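*Asks:* I am sharing structure25.cif, which consists of mmCIF, C-alpha atoms:
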```
data_start
loop_
_atom_site.label_atom_id
_atom_site.label_comp_id
_atom_site.auth_asym_id
_atom_site.auth_seq_id
_atom_site.Cartn_x
_atom_site.Cartn_y
_atom_site.Cartn_z
CA MET P 115 91.32 28.45 -107.04
CA THR P 116 91.67 25.74 -104.40
CA ASP P 117 89.84 22.45 -104.98
CA LEU P 118 88.20 22.24 -101.55
CA ALA P 119 86.47 18.92 -102.25
CA ARG P 120 89.75 17.07 -101.77
CA TYR P 121 90.01 18.59 -98.27
CA GLN P 122 86.43 17.75 -97.30
CA ASP P 123 86.27 13.99 -97.87
CA PRO P 124 83.72 12.48 -95.45
CA LEU P 125 85.78 9.33 -94.84
CA THR P 126 88.91 11.35 -94.02
CA ILE P 127 86.89 13.56 -91.67
CA GLN P 128 85.47 10.50 -89.89
CA ARG P 129 88.89 8.86 -89.58
CA VAL P 130 90.39 12.00 -88.09
CA LEU P 131 87.49 12.41 -85.65
CA HIS P 132 87.71 8.81 -84.45
CA ALA P 133 91.52 8.87 -84.12
CA THR P 134 91.63 12.13 -82.16
CA ARG P 135 91.79 12.54 -78.39
CA THR P 136 94.01 15.63 -77.98
CA ILE P 137 93.22 18.81 -79.92
CA ALA P 138 95.42 21.91 -79.95
CA ILE P 139 93.26 24.87 -80.98
CA VAL P 140 95.44 27.58 -82.51
CA GLY P 141 93.72 30.92 -82.02
CA LEU P 142 91.40 29.76 -79.24
CA SER P 143 89.91 32.87 -77.68
CA GLY P 144 89.11 33.45 -74.03
CA ASN P 145 86.09 35.49 -75.17
CA GLU P 146 82.98 33.30 -74.72
CA LEU P 147 81.31 35.03 -77.66
CA ARG P 148 83.95 33.94 -80.17
CA PRO P 149 83.37 30.84 -82.33
CA SER P 150 86.71 29.32 -81.28
CA ASN P 151 85.65 29.41 -77.63
CA PHE P 152 82.31 27.80 -78.40
CA VAL P 153 84.03 25.03 -80.39
CA GLY P 154 86.60 24.44 -77.64
CA TYR P 155 83.89 24.27 -75.00
CA TYR P 156 81.88 21.80 -77.10
CA LEU P 157 84.91 19.57 -77.69
CA LYS P 158 85.79 19.52 -73.97
CA ARG P 159 82.20 18.53 -73.15
CA HIS P 160 82.55 15.64 -75.57
CA GLY P 161 85.64 14.24 -73.88
CA TYR P 162 88.49 15.68 -75.92
CA GLN P 163 91.58 17.13 -74.29
CA VAL P 164 91.57 20.72 -75.57
CA ILE P 165 94.86 22.62 -75.53
CA PRO P 166 94.62 26.37 -76.15
CA VAL P 167 97.37 27.88 -78.31
CA ASN P 168 97.21 31.64 -77.94
CA PRO P 169 100.20 33.79 -76.90
CA ARG P 170 97.90 36.52 -75.49
CA GLU P 171 96.17 34.29 -72.93
CA LYS P 172 97.43 32.43 -69.85
CA GLU P 173 94.37 30.21 -69.42
CA ILE P 174 91.30 29.46 -71.54
CA LEU P 175 88.43 27.11 -70.66
CA GLY P 176 90.29 26.17 -67.48
CA GLU P 177 93.32 24.96 -69.48
CA THR P 178 96.82 26.42 -69.67
CA SER P 179 97.28 28.38 -72.90
CA TYR P 180 100.56 27.96 -74.77
CA PRO P 181 102.18 30.58 -77.02
CA SER P 182 102.88 28.07 -79.83
CA LEU P 183 102.45 24.43 -80.79
CA SER P 184 106.10 23.74 -79.99
CA ASP P 185 105.44 24.77 -76.37
CA VAL P 186 102.69 22.15 -75.88
CA PRO P 187 104.13 19.45 -73.57
CA VAL P 188 101.98 16.52 -74.79
CA PRO P 189 101.52 14.79 -78.16
CA ILE P 190 98.91 16.45 -80.36
CA ASP P 191 96.47 14.35 -82.39
CA LEU P 192 94.85 17.27 -84.20
CA VAL P 193 95.72 20.92 -84.77
CA ASP P 194 92.54 22.99 -85.25
CA VAL P 195 93.22 26.42 -86.77
CA PHE P 196 91.20 29.56 -86.02
CA ARG P 197 93.58 32.06 -87.63
CA ALA P 198 93.78 34.12 -90.81
CA PRO P 199 94.60 32.08 -93.93
CA ASP P 200 98.01 33.75 -94.38
CA ALA P 201 99.10 32.35 -90.98
CA LEU P 202 98.48 28.77 -92.10
CA PRO P 203 101.86 27.94 -93.72
CA ALA P 204 103.75 28.73 -90.49
CA ILE P 205 101.19 26.82 -88.42
CA ALA P 206 101.40 23.84 -90.80
CA ARG P 207 105.21 23.82 -90.51
CA GLU P 208 104.93 23.86 -86.74
CA ALA P 209 102.31 21.08 -86.80
CA VAL P 210 104.72 18.96 -88.86
CA GLU P 211 107.60 19.75 -86.47
CA VAL P 212 105.61 18.61 -83.41
CA LYS P 213 104.44 15.50 -85.28
CA ALA P 214 100.74 16.31 -85.01
CA GLY P 215 98.37 13.70 -86.39
CA ALA P 216 96.28 15.96 -88.63
CA LEU P 217 95.60 19.59 -89.57
CA TRP P 218 92.07 21.01 -89.46
CA CYS P 219 91.33 24.46 -90.90
CA GLN P 220 88.07 26.08 -89.81
CA PHE P 221 85.61 27.89 -92.09
CA GLY P 222 87.42 30.45 -94.23
CA VAL P 223 90.93 29.24 -93.33
CA ILE P 224 91.94 28.32 -96.87
CA ASN P 225 95.59 28.35 -97.90
CA GLU P 226 97.03 25.96 -100.51
CA GLU P 227 100.63 26.42 -99.36
CA GLY P 228 99.75 25.51 -95.77
CA ALA P 229 97.79 22.46 -96.92
CA ARG P 230 100.66 21.34 -99.16
CA ILE P 231 103.19 21.64 -96.30
CA ALA P 232 101.08 19.40 -94.07
CA GLU P 233 100.21 16.93 -96.86
CA ASP P 234 103.83 16.59 -97.96
CA ALA P 235 104.64 15.52 -94.39
CA GLY P 236 101.83 12.93 -94.43
CA LEU P 237 99.25 14.79 -92.35
CA PRO P 238 95.59 14.53 -93.34
CA VAL P 239 94.23 18.03 -94.02
CA ILE P 240 90.63 19.15 -93.64
CA MET P 241 89.96 22.66 -94.84
CA ASP P 242 87.00 25.07 -94.71
CA ARG P 243 85.02 22.86 -92.34
CA CYS P 244 83.98 23.39 -88.72
CA LEU P 245 85.25 20.73 -86.33
CA LYS P 246 82.20 21.09 -84.09
CA VAL P 247 79.74 20.74 -86.97
CA GLU P 248 81.54 17.73 -88.44
CA HIS P 249 81.85 16.07 -85.03
CA ALA P 250 78.14 16.58 -84.45
CA ARG P 251 77.33 15.24 -87.93
CA TYR P 252 79.45 12.10 -87.86
CA VAL P 253 79.33 11.20 -84.19
CA GLY P 254 75.56 11.41 -84.29
CA ARG P 255 74.63 14.62 -82.49
CA MET P 256 72.94 16.35 -85.44
CA HIS P 257 71.21 13.59 -87.34
CA TRP P 258 67.85 14.48 -85.83
CA LEU P 259 68.18 18.02 -87.18
CA GLY P 260 68.15 16.77 -90.73
CA PHE P 261 71.85 16.74 -91.55
CA ASN P 262 72.90 13.91 -93.83
CA THR P 263 75.13 11.59 -91.81
CA GLN P 264 75.38 9.12 -94.74
CA ARG P 265 74.43 6.27 -92.37
CA ILE P 266 71.79 3.64 -92.53
CA THR P 267 72.16 2.39 -88.98
CA SER P 268 71.33 3.37 -85.44
CA VAL P 269 74.79 2.28 -84.26
CA ARG P 270 76.88 5.35 -83.45
CA SER P 271 80.36 3.91 -82.86
CA GLY P 272 83.19 3.43 -85.33
CA LEU P 273 83.41 4.38 -88.98
CA GLN P 274 80.34 3.79 -91.10
#
```
Could you render the structure as C-alpha cells?

*Replies:*
Amino acid sequence: MTDLARYQDPLTIQRVLHATRTIAIVGLSGNELRPSNFVGYYLKRHGYQVIPVNPREKEILGETSYPSLSDVPVPIDLVDVFRAPDALPAIAREAVEVKAGALWCQFGVINEEGARIAEDAGLPVIMDRCLKVEHARYVGRMHWLGFNTQRITSVRSGLQ
C-alpha cells in the first residue's frame, strides 16, 4: 500500500504551485466534458502556460498538442498526469529526461514505481491530488467555500 501522505504535503504543494509557470498536461483531452480539459482551461485562465500532451490531438484549448513530453519545445516546470496509473513509470522517466521541475499525478493516478523514478531524479512528486483544487485552495480561490487553507492572513501572495 502506498503511503500517500508523503506525496500530499501542503508545503510541497504550495512550493510547486508558486514555482510553476509552464504546465505540460499529459492526457489532456479535447473533449470539454473531460476533467483534464476543465483543469487545463482553469489553469490557462489563471495565467499558466498550458501545453497539451496527447498524440491523438493536434490542438487543445487553442494550444498545439504534442505527442510526448520530449516533443515539447520549451522548458516544463510541471508535468500534470491524467493517465492510467500503469502509464506513470514511462511518463516519470520522460519527465526526468526533459528536466521537468515536478511531477503531479491527478486523483487516482497512484504508482509507486513512477513516483520513485521521479523522486530519485530529484523531482518533487504530488500524487492523488487535483491540481485545480489545490491551486484554488492555496492561491485563495476556495477559502470562502470553507476549505481549510491553513492561513491566518488576508494576504494571498507567497508561501504561508

*Asks:* Let me make sure I understand: among P:Glu171, P:Glu177, P:Asp185, P:Asp194, which one has the smallest atom-to-atom distance to P:Lys246 if we use only C-alpha atoms?

*Replies:* P:Asp194

*Asks:* List every residue of stretch 182-230 of chain P that has an atom at most 7 Å from any atom of stretch 140-158 of chain P, giving for each one its closest atom pair and the distance in Å to one decimal, counting all atoms listed in the file, sorted by chain and then by ascending residue number, as a Markdown table.

*Replies:*
```
| residue | atom | partner | partner_atom | distance |
| --- | --- | --- | --- | --- |
| P:Asp194 | CA | P:Val140 | CA | 6.1 |
| P:Val195 | CA | P:Val140 | CA | 4.9 |
| P:Phe196 | CA | P:Gly141 | CA | 4.9 |
| P:Arg197 | CA | P:Gly141 | CA | 5.7 |
```

*Asks:* Quick one: write out the picked residues with C-alpha atoms as a tab-separated table (two decimals), in the frame of the given file?

*Replies:*
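Output file result.tsv is given in full below:
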```tsv
chain	number	residue	atom	x	y	z
P	194	ASP	CA	92.54	22.99	-85.25
P	195	VAL	CA	93.22	26.42	-86.77
P	196	PHE	CA	91.20	29.56	-86.02
P	197	ARG	CA	93.58	32.06	-87.63
```

*Asks:* From the set P:Val188, P:Ala198, P:Ile137, P:Leu183, which residue has the shortest atom-to-atom contact distance to P:Ile165, counting all atoms listed in the file?

*Replies:* P:Ile137

*Asks:* I'd like the interatomic distance between atom CA of P:Arg251 and atom CA of P:Ile205, to a tenth of an Å.

*Replies:* 26.5 Å

*Asks:* For the atom pair atom CA of P:Ala119 and atom CA of P:Ile190, what is the interatomic distance in Å to one decimal place?

*Replies:*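 So the answer is 25.3 Å.
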
*Asks:* Could you state the separation of atom CA of P:Ala201 and atom CA of P:Glu227 in Å, given to one decimal place?

*Replies:*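 For atom CA of P:Ala201 relative to atom CA of P:Glu227, the distance reads 10.4 Å.
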
*Asks:* Expand the PyMOL selection byres ((chain P and resi 229) around 10) into the explicit residue set it covers here, and present it as JSON, numbers by chain.

*Replies:* {"P": [121, 202, 203, 206, 207, 217, 218, 219, 224, 225, 226, 227, 228, 230, 231, 232, 233, 234, 237, 238, 239, 240, 241]}

*Asks:* Give the answer as one residue: which of P:Ala214, P:Val223, P:Ile174, P:Ala250 has the shortest atom-to-atom distance to P:Arg135, using all atoms listed in the file?

*Replies:*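 Smallest distance to P:Arg135 is found for P:Ala214.
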
*Asks:* Using only C-alpha atoms, collect all residues at a distance of at most 8 Å from (97.9, 30.2, -74.1) as written in the file, then present them as a list in words.

*Replies:*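 Residues with an atom close enough to that point: Pro166, Val167, Asn168, Pro169, Arg170, Glu171, Lys172, Glu173, Ile174, Thr178, Ser179, Tyr180, Pro181 and Ser182 of chain P.
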
*Asks:* May I have the selected residues written with C-alpha atoms, as a PDB file, in the frame of the given file?

*Replies:*
```pdb
ATOM      1  CA  PRO P 166      94.620  26.370 -76.150  1.00  0.00           C
ATOM      2  CA  VAL P 167      97.370  27.880 -78.310  1.00  0.00           C
ATOM      3  CA  ASN P 168      97.210  31.640 -77.940  1.00  0.00           C
ATOM      4  CA  PRO P 169     100.200  33.790 -76.900  1.00  0.00           C
ATOM      5  CA  ARG P 170      97.900  36.520 -75.490  1.00  0.00           C
ATOM      6  CA  GLU P 171      96.170  34.290 -72.930  1.00  0.00           C
ATOM      7  CA  LYS P 172      97.430  32.430 -69.850  1.00  0.00           C
ATOM      8  CA  GLU P 173      94.370  30.210 -69.420  1.00  0.00           C
ATOM      9  CA  ILE P 174      91.300  29.460 -71.540  1.00  0.00           C
ATOM     10  CA  THR P 178      96.820  26.420 -69.670  1.00  0.00           C
ATOM     11  CA  SER P 179      97.280  28.380 -72.900  1.00  0.00           C
ATOM     12  CA  TYR P 180     100.560  27.960 -74.770  1.00  0.00           C
ATOM     13  CA  PRO P 181     102.180  30.580 -77.020  1.00  0.00           C
ATOM     14  CA  SER P 182     102.880  28.070 -79.830  1.00  0.00           C
TER      15      SER P 182
END
```

*Asks:* Name the closest residue to P:Ala138 among the candidates P:Leu118, P:Leu125, P:Cys244, P:Val193; distances are taken between atoms, counting all atoms listed in the file.

*Replies:*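 Of P:Leu118, P:Leu125, P:Cys244, P:Val193, the one nearest P:Ala138, counting all atoms listed in the file, is P:Val193.
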
*Asks:* Determine, counting only C-alpha atoms, every residue of protein, DNA or RNA that lies within 10 Å of (90.0, 10.8, -86.1) in the file coordinates, then give the result as a list of chain:residue names.

*Replies:*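 Neighbouring residues, ordered by chain and number, come to P:Leu125, P:Thr126, P:Ile127, P:Gln128, P:Arg129, P:Val130, P:Leu131, P:His132, P:Ala133, P:Thr134, P:Arg135, P:Asp191, P:Leu192, P:Gly215, P:Ala216, P:Pro238, P:His249, P:Leu273.
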
*Asks:* Considering all atoms listed in the file, state which residue in the set P:Ala204, P:Phe221, P:Pro199, P:Gln163 is at the smallest distance from P:Val247.

*Replies:*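 Distance minimum relative to P:Val247 lands on P:Phe221.
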
*Asks:* Hey, could you pull the box centre and edge lengths for stretch 119-138 of chain P, axis-aligned, 4 Å padding per side, all listed atoms, to one decimal in Å, as AutoDock Vina command-line options?

*Replies:*
```
--center_x 89.6 --center_y 15.4 --center_z -90.1 --size_x 19.7 --size_y 21.1 --size_z 32.3
```

*Asks:* For P:Glu211, which residue out of P:Leu245, P:Ile139, P:Val186, P:Val253 is the nearest one, using all atoms listed in the file?

*Replies:* P:Val186

*Asks:* Dump N, CA and C atoms of stretch 206-228 of chain P from the given block, as a PDB file, in the first residue's frame.

*Replies:*
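Wrote it out as out-v1.pdb, contents follow:
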```pdb
ATOM      1  N   ALA P 206       7.096   9.314 -15.955  1.00  0.00           N
ATOM      2  CA  ALA P 206       8.086   9.826 -14.992  1.00  0.00           C
ATOM      3  C   ALA P 206       9.488   9.816 -15.606  1.00  0.00           C
ATOM      4  N   ARG P 207       9.831   8.742 -16.308  1.00  0.00           N
ATOM      5  CA  ARG P 207      11.145   8.685 -16.973  1.00  0.00           C
ATOM      6  C   ARG P 207      11.289   9.824 -17.981  1.00  0.00           C
ATOM      7  N   GLU P 208      10.239  10.052 -18.740  1.00  0.00           N
ATOM      8  CA  GLU P 208      10.274  11.118 -19.735  1.00  0.00           C
ATOM      9  C   GLU P 208      10.354  12.494 -19.064  1.00  0.00           C
ATOM     10  N   ALA P 209       9.647  12.671 -17.958  1.00  0.00           N
ATOM     11  CA  ALA P 209       9.711  13.936 -17.208  1.00  0.00           C
ATOM     12  C   ALA P 209      11.133  14.191 -16.718  1.00  0.00           C
ATOM     13  N   VAL P 210      11.791  13.149 -16.263  1.00  0.00           N
ATOM     14  CA  VAL P 210      13.188  13.270 -15.815  1.00  0.00           C
ATOM     15  C   VAL P 210      14.083  13.625 -17.001  1.00  0.00           C
ATOM     16  N   GLU P 211      13.876  12.960 -18.135  1.00  0.00           N
ATOM     17  CA  GLU P 211      14.693  13.207 -19.329  1.00  0.00           C
ATOM     18  C   GLU P 211      14.587  14.652 -19.814  1.00  0.00           C
ATOM     19  N   VAL P 212      13.390  15.236 -19.745  1.00  0.00           N
ATOM     20  CA  VAL P 212      13.216  16.616 -20.224  1.00  0.00           C
ATOM     21  C   VAL P 212      13.514  17.647 -19.131  1.00  0.00           C
ATOM     22  N   LYS P 213      13.949  17.144 -17.970  1.00  0.00           N
ATOM     23  CA  LYS P 213      14.319  18.015 -16.848  1.00  0.00           C
ATOM     24  C   LYS P 213      13.141  18.871 -16.357  1.00  0.00           C
ATOM     25  N   ALA P 214      11.973  18.241 -16.256  1.00  0.00           N
ATOM     26  CA  ALA P 214      10.807  18.930 -15.700  1.00  0.00           C
ATOM     27  C   ALA P 214      11.079  19.279 -14.244  1.00  0.00           C
ATOM     28  N   GLY P 215      10.352  20.271 -13.743  1.00  0.00           N
ATOM     29  CA  GLY P 215      10.572  20.715 -12.371  1.00  0.00           C
ATOM     30  C   GLY P 215       9.871  19.881 -11.325  1.00  0.00           C
ATOM     31  N   ALA P 216       8.745  19.261 -11.665  1.00  0.00           N
ATOM     32  CA  ALA P 216       7.977  18.470 -10.708  1.00  0.00           C
ATOM     33  C   ALA P 216       7.018  17.558 -11.460  1.00  0.00           C
ATOM     34  N   LEU P 217       6.512  16.543 -10.751  1.00  0.00           N
ATOM     35  CA  LEU P 217       5.553  15.600 -11.312  1.00  0.00           C
ATOM     36  C   LEU P 217       4.295  15.620 -10.448  1.00  0.00           C
ATOM     37  N   TRP P 218       3.154  15.862 -11.092  1.00  0.00           N
ATOM     38  CA  TRP P 218       1.867  15.925 -10.397  1.00  0.00           C
ATOM     39  C   TRP P 218       0.971  14.838 -10.963  1.00  0.00           C
ATOM     40  N   CYS P 219       0.445  13.984 -10.087  1.00  0.00           N
ATOM     41  CA  CYS P 219      -0.419  12.883 -10.504  1.00  0.00           C
ATOM     42  C   CYS P 219      -1.826  13.141  -9.978  1.00  0.00           C
ATOM     43  N   GLN P 220      -2.771  13.244 -10.885  1.00  0.00           N
ATOM     44  CA  GLN P 220      -4.155  13.586 -10.548  1.00  0.00           C
ATOM     45  C   GLN P 220      -4.816  12.492  -9.704  1.00  0.00           C
ATOM     46  N   PHE P 221      -6.044  12.746  -9.267  1.00  0.00           N
ATOM     47  CA  PHE P 221      -6.794  11.771  -8.480  1.00  0.00           C
ATOM     48  C   PHE P 221      -6.743  10.393  -9.136  1.00  0.00           C
ATOM     49  N   GLY P 222      -6.411   9.380  -8.365  1.00  0.00           N
ATOM     50  CA  GLY P 222      -6.405   8.011  -8.848  1.00  0.00           C
ATOM     51  C   GLY P 222      -5.153   7.591  -9.597  1.00  0.00           C
ATOM     52  N   VAL P 223      -4.267   8.523  -9.917  1.00  0.00           N
ATOM     53  CA  VAL P 223      -3.023   8.180 -10.623  1.00  0.00           C
ATOM     54  C   VAL P 223      -1.966   7.900  -9.556  1.00  0.00           C
ATOM     55  N   ILE P 224      -1.970   6.663  -9.087  1.00  0.00           N
ATOM     56  CA  ILE P 224      -1.100   6.248  -7.979  1.00  0.00           C
ATOM     57  C   ILE P 224      -0.235   5.098  -8.462  1.00  0.00           C
ATOM     58  N   ASN P 225       1.081   5.315  -8.466  1.00  0.00           N
ATOM     59  CA  ASN P 225       2.015   4.293  -8.903  1.00  0.00           C
ATOM     60  C   ASN P 225       3.352   4.548  -8.208  1.00  0.00           C
ATOM     61  N   GLU P 226       3.719   3.641  -7.302  1.00  0.00           N
ATOM     62  CA  GLU P 226       4.949   3.810  -6.518  1.00  0.00           C
ATOM     63  C   GLU P 226       6.203   3.827  -7.389  1.00  0.00           C
ATOM     64  N   GLU P 227       6.257   2.982  -8.394  1.00  0.00           N
ATOM     65  CA  GLU P 227       7.430   2.945  -9.267  1.00  0.00           C
ATOM     66  C   GLU P 227       7.626   4.278  -9.977  1.00  0.00           C
ATOM     67  N   GLY P 228       6.549   4.838 -10.516  1.00  0.00           N
ATOM     68  CA  GLY P 228       6.627   6.136 -11.185  1.00  0.00           C
ATOM     69  C   GLY P 228       7.078   7.229 -10.237  1.00  0.00           C
TER      70      GLY P 228
END
```
